[in-house]
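Text of the file work11.tsv, holding TSV, C-alpha atoms and all ligand atoms:
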chain	number	residue	atom	x	y	z
A	1	MET	CA	1.81	27.55	-89.67
A	2	GLY	CA	5.42	27.79	-88.69
A	3	LEU	CA	6.80	27.23	-85.23
A	4	PHE	CA	7.14	30.95	-84.61
A	5	ASP	CA	3.45	31.65	-85.45
A	6	ARG	CA	2.31	29.06	-82.92
A	7	PHE	CA	4.43	30.70	-80.20
A	8	LYS	CA	2.87	34.10	-81.04
A	9	ARG	CA	-0.67	32.66	-80.72
A	10	ARG	CA	0.00	31.16	-77.33
A	11	LYS	CA	1.34	34.46	-76.03
A	12	ALA	CA	-1.84	36.14	-77.12
A	13	LEU	CA	-4.02	33.94	-74.86
A	14	PRO	CA	-5.40	35.86	-71.79
A	15	LEU	CA	-3.80	35.02	-68.41
A	16	PRO	CA	-6.00	33.12	-65.89
A	17	PRO	CA	-7.54	35.52	-63.35
A	18	ALA	CA	-5.62	35.69	-60.03
A	19	SER	CA	-7.89	34.07	-57.43
A	20	VAL	CA	-6.49	36.12	-54.55
A	21	PRO	CA	-5.80	39.79	-55.09
A	22	ALA	CA	-2.18	40.51	-54.43
A	23	GLU	CA	-1.39	42.12	-51.05
A	24	PRO	CA	0.41	45.43	-51.27
A	25	TRP	CA	3.99	44.98	-50.22
A	26	PRO	CA	5.32	46.28	-47.90
A	27	PRO	CA	1.99	46.36	-45.95
A	28	GLU	CA	0.63	49.79	-45.27
A	29	PRO	CA	1.16	50.94	-41.68
A	30	VAL	CA	-1.98	50.41	-39.52
A	31	ALA	CA	-3.34	53.64	-38.18
A	32	ALA	CA	-3.27	53.73	-34.38
A	33	PHE	CA	-6.71	53.31	-32.81
A	34	PRO	CA	-8.09	56.48	-31.33
A	35	ASP	CA	-8.24	56.51	-27.51
A	36	TYR	CA	-11.94	55.67	-27.36
A	37	TYR	CA	-11.17	52.33	-29.06
A	38	GLN	CA	-8.81	51.23	-26.23
A	39	PHE	CA	-10.70	48.58	-24.19
A	40	GLU	CA	-10.11	47.49	-20.61
A	41	PRO	CA	-8.05	44.25	-20.59
A	42	GLU	CA	-10.33	41.21	-20.36
A	43	PRO	CA	-10.42	39.65	-16.86
A	44	GLN	CA	-8.39	36.42	-16.83
A	45	ALA	CA	-10.53	33.29	-16.44
A	46	GLU	CA	-9.88	31.45	-13.14
A	47	GLN	CA	-7.31	28.64	-13.41
A	48	PRO	CA	-9.12	25.35	-14.08
A	49	ALA	CA	-9.07	22.78	-11.27
A	50	TRP	CA	-6.99	20.26	-13.21
A	51	MET	CA	-4.14	22.74	-13.41
A	52	LYS	CA	-4.02	23.29	-9.67
A	53	TYR	CA	-3.34	19.68	-8.66
A	54	PRO	CA	-0.26	17.56	-9.27
A	55	VAL	CA	-0.55	15.34	-12.32
A	56	THR	CA	0.82	12.22	-10.58
A	57	PRO	CA	-1.98	9.96	-9.33
A	58	PRO	CA	-2.47	9.42	-5.58
A	59	LYS	CA	-0.26	6.58	-4.40
A	60	GLY	CA	-1.63	3.97	-2.01
A	61	HIS	CA	0.80	2.70	0.62
A	62	ILE	CA	1.48	-1.04	0.22
A	63	ILE	CA	1.96	-3.03	3.44
A	64	VAL	CA	3.14	-6.60	2.90
A	65	PHE	CA	2.97	-9.13	5.74
A	66	ALA	CA	5.61	-11.69	4.90
A	67	ASN	CA	7.83	-14.29	6.47
A	68	GLU	CA	9.00	-17.52	4.87
A	69	LYS	CA	7.65	-19.31	7.89
A	70	GLY	CA	4.07	-20.40	8.48
A	71	GLY	CA	2.01	-19.93	11.63
A	72	VAL	CA	3.86	-16.86	12.95
A	73	GLY	CA	0.80	-14.55	12.85
A	74	LYS	CA	1.01	-12.91	9.41
A	75	SER	CA	-2.71	-13.26	8.71
A	76	THR	CA	-3.73	-12.26	12.26
A	77	SER	CA	-1.65	-9.07	12.28
A	78	ALA	CA	-2.55	-8.25	8.64
A	79	PHE	CA	-6.25	-8.53	9.50
A	80	HIS	CA	-5.98	-6.31	12.60
A	81	THR	CA	-3.98	-3.66	10.73
A	82	CYS	CA	-6.47	-3.76	7.86
A	83	ILE	CA	-9.59	-3.38	10.04
A	84	SER	CA	-7.97	-0.64	12.19
A	85	LEU	CA	-7.22	1.41	9.07
A	86	CYS	CA	-10.80	0.87	7.82
A	87	ASN	CA	-12.20	1.94	11.20
A	88	ALA	CA	-10.06	5.08	11.06
A	89	GLY	CA	-11.83	5.95	7.79
A	90	GLU	CA	-9.05	5.08	5.34
A	91	ARG	CA	-9.94	3.45	2.03
A	92	VAL	CA	-8.20	0.09	2.12
A	93	SER	CA	-7.75	-2.79	-0.34
A	94	ALA	CA	-6.87	-6.28	0.87
A	95	LEU	CA	-5.22	-9.05	-1.07
A	96	ASP	CA	-4.17	-12.53	-0.04
A	97	VAL	CA	-1.28	-13.98	-2.02
A	98	ASP	CA	-1.39	-17.15	0.08
A	99	LEU	CA	-3.54	-18.76	-2.59
A	100	ARG	CA	-3.76	-22.16	-0.95
A	101	GLN	CA	-5.14	-20.83	2.32
A	102	LEU	CA	-6.74	-17.44	1.49
A	103	THR	CA	-6.93	-16.83	5.27
A	104	LEU	CA	-7.30	-13.07	4.97
A	105	HIS	CA	-10.08	-13.27	2.38
A	106	ARG	CA	-11.92	-15.94	4.34
A	107	ALA	CA	-11.85	-13.72	7.45
A	108	LEU	CA	-13.17	-10.81	5.39
A	109	TRP	CA	-15.99	-12.93	3.93
A	110	ALA	CA	-16.82	-14.11	7.46
A	111	ARG	CA	-16.96	-10.44	8.44
A	112	GLN	CA	-19.65	-9.85	5.83
A	113	GLU	CA	-21.60	-12.85	7.17
A	114	SER	CA	-21.30	-11.47	10.73
A	115	GLU	CA	-22.64	-8.13	9.49
A	116	ARG	CA	-25.75	-9.90	8.16
A	117	GLU	CA	-26.13	-12.16	11.19
A	118	TYR	CA	-25.92	-9.37	13.79
A	119	ASN	CA	-27.51	-6.76	11.53
A	120	VAL	CA	-24.72	-4.22	11.94
A	121	LYS	CA	-22.62	-2.18	9.53
A	122	LEU	CA	-18.89	-2.85	9.92
A	123	ALA	CA	-16.08	-1.03	8.15
A	124	GLY	CA	-14.14	-3.23	5.76
A	125	PRO	CA	-11.73	-3.12	2.82
A	126	ASP	CA	-12.21	-3.70	-0.91
A	127	GLN	CA	-11.02	-7.21	-1.70
A	128	ILE	CA	-8.68	-7.81	-4.62
A	129	MET	CA	-8.91	-11.31	-6.07
A	130	LEU	CA	-6.30	-12.75	-8.41
A	131	VAL	CA	-7.79	-14.77	-11.27
A	132	GLN	CA	-4.73	-15.67	-13.33
A	133	GLN	CA	-2.61	-15.80	-10.20
A	134	ASN	CA	0.65	-14.56	-11.68
A	135	GLU	CA	3.03	-11.65	-11.04
A	136	ASN	CA	1.81	-9.58	-13.98
A	137	GLU	CA	-1.76	-9.72	-12.76
A	138	LEU	CA	-0.60	-8.82	-9.23
A	139	GLU	CA	1.35	-5.83	-10.51
A	140	GLU	CA	-1.53	-4.60	-12.68
A	141	LYS	CA	-4.10	-4.94	-9.89
A	142	LEU	CA	-1.81	-3.17	-7.41
A	143	ARG	CA	-1.31	-0.29	-9.85
A	144	MET	CA	-5.08	0.12	-10.12
A	145	ALA	CA	-5.65	-0.26	-6.36
A	146	ARG	CA	-3.00	2.38	-5.64
A	147	ILE	CA	-5.10	4.96	-7.47
A	148	HIS	CA	-8.23	4.68	-5.34
A	149	SER	CA	-7.02	3.16	-2.04
A	150	SER	CA	-4.82	4.89	0.49
A	151	PHE	CA	-3.58	1.54	1.87
A	152	ILE	CA	-3.18	-1.91	0.35
A	153	ILE	CA	-2.70	-4.83	2.74
A	154	ILE	CA	-1.10	-7.97	1.32
A	155	ASP	CA	-0.85	-11.26	3.19
A	156	VAL	CA	1.96	-13.34	1.67
A	157	GLY	CA	2.19	-17.11	2.14
A	158	GLY	CA	4.89	-18.74	4.21
A	159	HIS	CA	6.97	-19.87	1.24
A	160	ASP	CA	9.03	-18.31	-1.51
A	161	SER	CA	7.27	-17.88	-4.87
A	162	PRO	CA	7.53	-15.45	-7.83
A	163	ILE	CA	4.27	-13.79	-6.80
A	164	ALA	CA	5.46	-13.40	-3.17
A	165	ARG	CA	8.68	-11.79	-4.44
A	166	LYS	CA	6.70	-9.39	-6.61
A	167	ALA	CA	4.58	-8.35	-3.61
A	168	ILE	CA	7.71	-7.77	-1.49
A	169	PHE	CA	9.32	-5.87	-4.36
A	170	MET	CA	6.35	-3.48	-4.56
A	171	ALA	CA	6.02	-2.96	-0.76
A	172	ASP	CA	6.41	0.35	1.03
A	173	THR	CA	6.33	-1.40	4.41
A	174	ILE	CA	7.21	-5.06	5.04
A	175	VAL	CA	5.98	-6.52	8.30
A	176	THR	CA	7.57	-9.80	9.38
A	177	PRO	CA	5.97	-11.33	12.47
A	178	VAL	CA	8.16	-13.69	14.48
A	179	ASN	CA	7.54	-15.88	17.52
A	180	ASP	CA	9.98	-16.46	20.33
A	181	SER	CA	11.68	-19.43	18.74
A	182	PHE	CA	15.18	-19.79	17.36
A	183	ILE	CA	13.70	-21.86	14.53
A	184	ASP	CA	11.68	-18.79	13.46
A	185	LEU	CA	14.86	-16.70	13.49
A	186	ASP	CA	16.64	-18.95	11.03
A	187	MET	CA	14.98	-17.15	8.11
A	188	LEU	CA	16.40	-13.83	9.35
A	189	GLY	CA	19.83	-14.83	10.60
A	190	ARG	CA	21.80	-17.68	12.13
A	191	ILE	CA	23.11	-17.11	15.61
A	192	ASP	CA	25.65	-19.41	17.21
A	193	PRO	CA	23.76	-20.81	20.24
A	194	ARG	CA	26.96	-21.05	22.31
A	195	THR	CA	28.76	-17.79	21.56
A	196	GLY	CA	25.66	-15.75	20.57
A	197	GLU	CA	27.55	-14.48	17.48
A	198	LEU	CA	25.74	-13.78	14.23
A	199	LYS	CA	27.03	-16.36	11.74
A	200	THR	CA	25.15	-15.45	8.58
A	201	LEU	CA	21.99	-13.75	7.33
A	202	GLY	CA	18.98	-16.02	6.76
A	203	ASN	CA	17.30	-16.68	3.41
A	204	PHE	CA	14.41	-14.27	3.91
A	205	ALA	CA	16.75	-11.45	5.00
A	206	ARG	CA	18.85	-12.10	1.87
A	207	LEU	CA	15.75	-12.00	-0.30
A	208	VAL	CA	14.66	-8.61	1.10
A	209	GLU	CA	18.23	-7.32	0.79
A	210	HIS	CA	18.30	-8.44	-2.85
A	211	LEU	CA	14.95	-6.81	-3.65
A	212	LYS	CA	16.07	-3.59	-1.95
A	213	GLU	CA	19.31	-3.36	-3.95
A	214	PRO	CA	19.54	0.09	-5.56
A	215	GLY	CA	20.08	-1.47	-9.01
A	216	MET	CA	16.61	-3.03	-8.86
A	217	PHE	CA	14.96	0.39	-8.95
A	218	LEU	CA	15.61	3.44	-11.08
A	219	GLN	CA	15.41	5.41	-7.87
A	220	PRO	CA	15.79	3.35	-4.72
A	221	LYS	CA	12.70	3.98	-2.62
A	222	ALA	CA	12.57	4.16	1.11
A	223	LEU	CA	11.38	0.78	2.31
A	224	ASP	CA	10.48	0.26	5.93
A	225	TRP	CA	11.09	-3.31	7.08
A	226	VAL	CA	9.59	-4.08	10.45
A	227	VAL	CA	10.11	-7.32	12.36
A	228	MET	CA	7.29	-7.72	14.83
A	229	GLN	CA	7.34	-9.89	17.91
A	230	ASN	CA	4.03	-11.77	17.93
A	231	ARG	CA	2.45	-13.98	20.61
A	232	SER	CA	4.81	-12.83	23.34
A	233	ARG	CA	3.72	-13.66	26.87
A	234	ASN	CA	3.20	-11.34	29.80
A	235	PHE	CA	6.24	-12.63	31.63
A	236	ALA	CA	9.14	-12.89	29.23
A	237	THR	CA	10.71	-16.34	29.45
A	238	LYS	CA	14.46	-16.86	29.35
A	239	ASN	CA	14.10	-18.14	25.79
A	240	GLU	CA	12.09	-15.05	24.74
A	241	LYS	CA	14.81	-12.78	26.12
A	242	LYS	CA	17.48	-14.74	24.23
A	243	VAL	CA	15.48	-14.53	20.99
A	244	MET	CA	15.09	-10.77	21.44
A	245	GLU	CA	18.83	-10.37	22.00
A	246	ALA	CA	19.50	-12.39	18.85
A	247	LEU	CA	17.04	-10.25	16.84
A	248	GLU	CA	18.72	-7.08	18.08
A	249	LYS	CA	22.01	-8.42	16.74
A	250	ILE	CA	20.56	-9.28	13.33
A	251	ALA	CA	18.56	-6.03	12.94
A	252	PRO	CA	21.34	-3.56	11.97
A	253	ILE	CA	22.94	-6.03	9.54
A	254	ALA	CA	19.69	-7.13	7.86
A	255	GLY	CA	18.22	-3.60	7.97
A	256	PHE	CA	14.98	-4.03	9.92
A	257	ARG	CA	13.36	-2.34	12.91
A	258	LEU	CA	12.28	-4.49	15.83
A	259	VAL	CA	8.83	-3.61	17.21
A	260	PRO	CA	6.31	-5.08	19.66
A	261	GLY	CA	3.30	-6.87	18.20
A	262	LEU	CA	0.27	-8.68	19.61
A	263	ARG	CA	0.65	-10.69	22.77
A	264	GLU	CA	-0.61	-14.25	23.15
A	265	ARG	CA	-4.40	-13.93	23.67
A	266	VAL	CA	-7.24	-16.37	23.15
A	267	THR	CA	-9.48	-13.55	21.98
A	268	TYR	CA	-7.52	-13.10	18.72
A	269	ARG	CA	-8.12	-16.74	17.90
A	270	GLU	CA	-11.79	-16.61	18.93
A	271	LEU	CA	-12.86	-13.56	16.95
A	272	PHE	CA	-10.80	-14.14	13.80
A	273	PRO	CA	-13.01	-16.94	12.31
A	274	MET	CA	-16.00	-14.56	12.55
A	275	GLY	CA	-14.02	-11.85	10.78
A	276	LEU	CA	-14.15	-9.64	13.86
A	277	THR	CA	-11.67	-7.67	15.93
A	278	LEU	CA	-11.99	-6.47	19.51
A	279	PHE	CA	-13.07	-3.07	18.20
A	280	ASP	CA	-16.21	-4.60	16.66
A	281	LEU	CA	-17.44	-5.63	20.11
A	282	ASP	CA	-18.75	-2.09	20.60
A	283	ALA	CA	-21.23	-2.80	17.79
A	284	ILE	CA	-21.92	-6.43	18.84
A	285	PRO	CA	-21.80	-6.35	22.67
A	286	GLU	CA	-23.36	-9.82	22.97
A	287	LEU	CA	-20.02	-11.32	21.84
A	288	GLY	CA	-18.04	-9.96	24.77
A	289	ARG	CA	-16.45	-6.83	26.01
A	290	LEU	CA	-13.54	-4.82	24.72
A	291	GLN	CA	-10.39	-5.56	26.70
A	292	PRO	CA	-8.51	-2.30	27.24
A	293	LYS	CA	-5.11	-4.00	27.50
A	294	ALA	CA	-5.62	-5.80	24.20
A	295	ARG	CA	-6.82	-2.57	22.60
A	296	ASP	CA	-3.74	-0.75	23.89
A	297	GLU	CA	-1.44	-3.40	22.49
A	298	ILE	CA	-3.12	-3.26	19.06
A	299	TRP	CA	-2.66	0.51	19.13
A	300	ALA	CA	0.98	0.14	20.21
A	301	MET	CA	1.51	-2.21	17.26
A	302	LEU	CA	-0.08	0.32	14.87
A	303	ARG	CA	1.97	3.18	16.31
A	304	ALA	CA	5.14	1.14	15.83
A	305	LEU	CA	4.24	0.55	12.17
A	306	ASN	CA	4.47	4.34	11.70
A	307	LEU	CA	1.99	4.43	8.82
A	308	PRO	CA	1.30	7.60	6.81
A	309	SER	CA	-2.31	7.95	8.01
A	310	ALA	CA	-3.24	11.13	9.86
A	311	ALA	CA	-6.68	9.65	10.65
A	312	LEU	CA	-5.23	6.47	12.17
A	313	ASN	CA	-2.56	8.34	14.10
A	314	ARG	CA	-5.25	10.63	15.55
A	315	ALA	CA	-7.38	7.62	16.53
A	316	ILE	CA	-4.56	5.74	18.25
A	317	ALA	CA	-3.21	8.81	20.02
A	318	ILE	CA	-6.46	9.58	21.85
A	319	PRO	CA	-7.41	7.17	24.65
A	320	ASP	CA	-10.90	5.77	24.20
A	321	GLU	CA	-12.73	6.69	27.41
A	322	THR	CA	-15.88	4.87	26.43
A	323	ALA	CA	-14.10	1.50	26.53
A	324	SER	CA	-15.07	-0.86	29.29
A	325	VAL	CA	-12.46	-1.54	31.93
A	326	ALA	CA	-13.27	-5.21	32.36
A	327	GLU	CA	-10.49	-7.60	31.36
A	328	LYS	CA	-11.43	-10.98	30.01
A	401	LIG	N1	-1.34	-12.94	19.20
A	401	LIG	C1	-1.89	-14.15	19.10
A	401	LIG	N2	-2.47	-14.71	20.17
A	401	LIG	C2	-3.01	-15.95	20.08
A	401	LIG	N3	-3.04	-16.69	18.98
A	401	LIG	C3	-2.47	-16.19	17.85
A	401	LIG	C4	-1.87	-14.90	17.86
A	401	LIG	N4	-1.39	-14.65	16.61
A	401	LIG	C5	-1.68	-15.75	15.87
A	401	LIG	N5	-2.32	-16.67	16.60
A	401	LIG	C6	-2.76	-18.01	16.16
A	401	LIG	O1	-1.63	-18.67	15.59
A	401	LIG	C7	-2.02	-19.41	14.43
A	401	LIG	C8	-1.24	-18.91	13.22
A	401	LIG	O2	-1.56	-17.55	12.98
A	401	LIG	P1	-1.72	-16.95	11.52
A	401	LIG	O3	-2.06	-15.54	11.67
A	401	LIG	O4	-2.64	-17.80	10.71
A	401	LIG	O5	-0.23	-17.15	10.99
A	401	LIG	P2	0.34	-17.16	9.51
A	401	LIG	O6	-0.54	-16.35	8.67
A	401	LIG	O7	1.73	-16.59	9.66
A	401	LIG	O8	0.40	-18.58	9.10
A	401	LIG	C9	-3.51	-19.23	14.30
A	401	LIG	O9	-4.13	-20.30	14.91
A	401	LIG	C10	-3.78	-17.94	15.06
A	401	LIG	O10	-5.08	-17.92	15.58
A	402	MG	MG	-1.57	-16.92	6.93

Mind turning the file's structure into structure tokens?
Amino acid sequence: MGLFDRFKRRKALPLPPASVPAEPWPPEPVAAFPDYYQFEPEPQAEQPAWMKYPVTPPKGHIIVFANEKGGVGKSTSAFHTCISLCNAGERVSALDVDLRQLTLHRALWARQESEREYNVKLAGPDQIMLVQQNENELEEKLRMARIHSSFIIIDVGGHDSPIARKAIFMADTIVTPVNDSFIDLDMLGRIDPRTGELKTLGNFARLVEHLKEPGMFLQPKALDWVVMQNRSRNFATKNEKKVMEALEKIAPIAGFRLVPGLRERVTYRELFPMGLTLFDLDAIPELGRLQPKARDEIWAMLRALNLPSAALNRAIAIPDETASVAEK
């Protein structure tokens, strides 16, 4: 068989059947449906809930109580702010970064013991505990807490540390309690005792300034820094007045607001170890009576903090007529 014969045989083989019948091209025009085939448009399904809400998660407001100075009232004011927010019905998380003392956590554990001892139900926060005790863990736990809590209260120790810096960096509000002492002011600014001139900003003010620098954030966020006068006395001493004048000079340069805090009262020291505030005395009357002046000053402190809580602002705006008028 020659080459040509083989070619002829192959051509004679039948073609494989086409699996899909070929479409006519161009396609035939579709006949218009008669009128009775025209249906009413289908009603649109209602928009699902997940499309109606913003996609960004709810963002808890972080309040950091910090001052590179011990014994100024950070834990006391953090505890009162925390319990007031809980009483107002806000969901709060509390975290103590002062790992050597854990004052805030110990007060909150004492609160749970008081609940059992006096058989009452007291409002309280969720407690965040750090296990690895480093900045990454702090950041991760704060991210989680921000989703389910409307406020996160952080008590920062009286010394500089990477974890304290991280807490300050993540704060929406920084509260720095100070006492009426020029030694306490050193961390905020140095004032010449003779001329009263501001010489330089203090280390803590520089730290906050550094953490607030626009370059540190993609979008600089509005940070509220509040310096709070704690343990002031009823009759302002000459020294207290001088300290206030000095703070007023430092405030515009360092970028903080100066607000009134708690006055010097034994009751804050007495109730704190039991994890109680004056407001809990309504539930446990055997421990004493609510002092209206103290209550008013706690409310004034909360008002000055200007927190984004409608519930708290409603509670502190309305005078509590049920409160006893007796002063301790
Ligand atoms: N307003 C106040 N009145 C009376 N005592 C106070 C007041 N604020 C704080 N203290 C007391 O001062 C001490 C230091 O307060 P604390 O809150 O522990 O400060 P920090 O956390 O800054 O170290 C504690 O003994 C506390 O009971
Ligand atoms: Mg403390």

Problem - Shortest interatomic distance to Ser150 (chain A) - which of A:Ala88, A:Ala167, A:Leu198, A:Leu258, counting only C-alpha atoms - result: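 Using only C-alpha atoms, the shortest distance to Ser150 (chain A) belongs to A:Ala88.
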
Please list as an mmCIF file with C-alpha atoms, in the coordinates of the input every residue within 8 Å of region 179-189 of chain A, counting only C-alpha atoms and excluding residues in the same chain fewer than 5 positions away.
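Result written to result.cif:
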data_model
loop_
_atom_site.group_PDB
_atom_site.id
_atom_site.type_symbol
_atom_site.label_atom_id
_atom_site.label_comp_id
_atom_site.auth_asym_id
_atom_site.auth_seq_id
_atom_site.Cartn_x
_atom_site.Cartn_y
_atom_site.Cartn_z
ATOM 1 C CA ASN A 67 7.830 -14.290 6.470
ATOM 2 C CA GLU A 68 9.000 -17.520 4.870
ATOM 3 C CA LYS A 69 7.650 -19.310 7.890
ATOM 4 C CA VAL A 72 3.860 -16.860 12.950
ATOM 5 C CA LEU A 198 25.740 -13.780 14.230
ATOM 6 C CA LYS A 199 27.030 -16.360 11.740
ATOM 7 C CA THR A 200 25.150 -15.450 8.580
ATOM 8 C CA LEU A 201 21.990 -13.750 7.330
ATOM 9 C CA GLY A 202 18.980 -16.020 6.760
ATOM 10 C CA ASN A 203 17.300 -16.680 3.410
ATOM 11 C CA PHE A 204 14.410 -14.270 3.910
ATOM 12 C CA ALA A 205 16.750 -11.450 5.000
ATOM 13 C CA GLN A 229 7.340 -9.890 17.910
ATOM 14 C CA ASN A 230 4.030 -11.770 17.930
ATOM 15 C CA ARG A 231 2.450 -13.980 20.610
ATOM 16 C CA SER A 232 4.810 -12.830 23.340
ATOM 17 C CA ASN A 239 14.100 -18.140 25.790
ATOM 18 C CA GLU A 240 12.090 -15.050 24.740
ATOM 19 C CA VAL A 243 15.480 -14.530 20.990
ATOM 20 C CA MET A 244 15.090 -10.770 21.440
ATOM 21 C CA LEU A 247 17.040 -10.250 16.840
ATOM 22 C CA ILE A 250 20.560 -9.280 13.330
ATOM 23 C CA ALA A 254 19.690 -7.130 7.860
#

Practice task
Kindly provide, as a ChimeraX atom specification, all nucleotide and amino acid residues lying within 7 Å of ligand MG 402 (chain A), counting all atoms listed in the file.
Solution key: /A:70-71,73-75,98,103,155,157

Axis-aligned box for ligand LIG 401 (chain A), 5 Å per side, centre and edges in Å as JSON:
{"center_x": -1.7, "center_y": -16.6, "center_z": 14.4, "size_x": 16.8, "size_y": 17.4, "size_z": 21.5}

Practice task
Return the single residue from A:Met129, A:Val259, A:Val64, A:Val178 that is closest to Glu297 (chain A), with distances computed using all atoms listed in the file.
Solution key: A:Val259

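Nearest to ligand LIG 401 (chain A) of all the residues A:Arg194, A:Lys59, A:Arg106, A:Arg263 is A:Arg263, counting all atoms listed in the file.
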
Handout entry: Å distance separating CA of Ala145 (chain A) from CA of His80 (chain A), one decimal place
Key = 19.9 Å

Handout entry: Residue nearest Leu262 (chain A) - candidates A:Gln44, A:Asn136, A:Thr76, A:Asn313, atoms counted: all atoms listed in the file
Key =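 Looking only at the distances to Leu262 (chain A), the closest residue turns out to be A:Thr76.
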
Hey, could you patch up region 179-191 of chain A with N, CA, C and O atoms and hand it over as a PDB file, in the frame of the given file?
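Result written to part16.pdb:
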ATOM      1  N   ASN A 179       7.857 -15.378  16.176  1.00  0.00           N
ATOM      2  CA  ASN A 179       7.540 -15.880  17.520  1.00  0.00           C
ATOM      3  C   ASN A 179       8.852 -16.095  18.255  1.00  0.00           C
ATOM      4  O   ASN A 179       9.927 -16.026  17.648  1.00  0.00           O
ATOM      5  N   ASP A 180       8.739 -16.355  19.545  1.00  0.00           N
ATOM      6  CA  ASP A 180       9.980 -16.460  20.330  1.00  0.00           C
ATOM      7  C   ASP A 180      10.612 -17.840  20.181  1.00  0.00           C
ATOM      8  O   ASP A 180      10.683 -18.627  21.116  1.00  0.00           O
ATOM      9  N   SER A 181      11.061 -18.136  18.976  1.00  0.00           N
ATOM     10  CA  SER A 181      11.680 -19.430  18.740  1.00  0.00           C
ATOM     11  C   SER A 181      12.886 -19.227  17.828  1.00  0.00           C
ATOM     12  O   SER A 181      12.814 -18.486  16.850  1.00  0.00           O
ATOM     13  N   PHE A 182      13.971 -19.920  18.181  1.00  0.00           N
ATOM     14  CA  PHE A 182      15.180 -19.790  17.360  1.00  0.00           C
ATOM     15  C   PHE A 182      14.961 -20.374  15.967  1.00  0.00           C
ATOM     16  O   PHE A 182      15.619 -19.983  15.010  1.00  0.00           O
ATOM     17  N   ILE A 183      13.990 -21.288  15.860  1.00  0.00           N
ATOM     18  CA  ILE A 183      13.700 -21.860  14.530  1.00  0.00           C
ATOM     19  C   ILE A 183      13.115 -20.771  13.641  1.00  0.00           C
ATOM     20  O   ILE A 183      13.420 -20.682  12.459  1.00  0.00           O
ATOM     21  N   ASP A 184      12.269 -19.892  14.238  1.00  0.00           N
ATOM     22  CA  ASP A 184      11.680 -18.790  13.460  1.00  0.00           C
ATOM     23  C   ASP A 184      12.753 -17.806  12.999  1.00  0.00           C
ATOM     24  O   ASP A 184      12.620 -17.168  11.957  1.00  0.00           O
ATOM     25  N   LEU A 185      13.804 -17.681  13.802  1.00  0.00           N
ATOM     26  CA  LEU A 185      14.860 -16.700  13.490  1.00  0.00           C
ATOM     27  C   LEU A 185      15.727 -17.125  12.321  1.00  0.00           C
ATOM     28  O   LEU A 185      16.342 -16.294  11.676  1.00  0.00           O
ATOM     29  N   ASP A 186      15.763 -18.424  12.071  1.00  0.00           N
ATOM     30  CA  ASP A 186      16.640 -18.950  11.030  1.00  0.00           C
ATOM     31  C   ASP A 186      16.480 -18.235   9.692  1.00  0.00           C
ATOM     32  O   ASP A 186      17.439 -18.067   8.947  1.00  0.00           O
ATOM     33  N   MET A 187      15.255 -17.823   9.387  1.00  0.00           N
ATOM     34  CA  MET A 187      14.980 -17.150   8.110  1.00  0.00           C
ATOM     35  C   MET A 187      15.574 -15.741   8.082  1.00  0.00           C
ATOM     36  O   MET A 187      15.715 -15.137   7.031  1.00  0.00           O
ATOM     37  N   LEU A 188      15.855 -15.195   9.276  1.00  0.00           N
ATOM     38  CA  LEU A 188      16.400 -13.830   9.350  1.00  0.00           C
ATOM     39  C   LEU A 188      17.906 -13.849   9.530  1.00  0.00           C
ATOM     40  O   LEU A 188      18.623 -13.034   8.944  1.00  0.00           O
ATOM     41  N   GLY A 189      18.388 -14.757  10.375  1.00  0.00           N
ATOM     42  CA  GLY A 189      19.830 -14.830  10.600  1.00  0.00           C
ATOM     43  C   GLY A 189      20.166 -16.018  11.465  1.00  0.00           C
ATOM     44  O   GLY A 189      19.325 -16.484  12.239  1.00  0.00           O
ATOM     45  N   ARG A 190      21.386 -16.524  11.310  1.00  0.00           N
ATOM     46  CA  ARG A 190      21.800 -17.680  12.130  1.00  0.00           C
ATOM     47  C   ARG A 190      22.733 -17.184  13.222  1.00  0.00           C
ATOM     48  O   ARG A 190      23.742 -16.538  12.955  1.00  0.00           O
ATOM     49  N   ILE A 191      22.337 -17.513  14.442  1.00  0.00           N
ATOM     50  CA  ILE A 191      23.110 -17.110  15.610  1.00  0.00           C
ATOM     51  C   ILE A 191      23.735 -18.360  16.215  1.00  0.00           C
ATOM     52  O   ILE A 191      23.046 -19.374  16.378  1.00  0.00           O
TER      53      ILE A 191
END
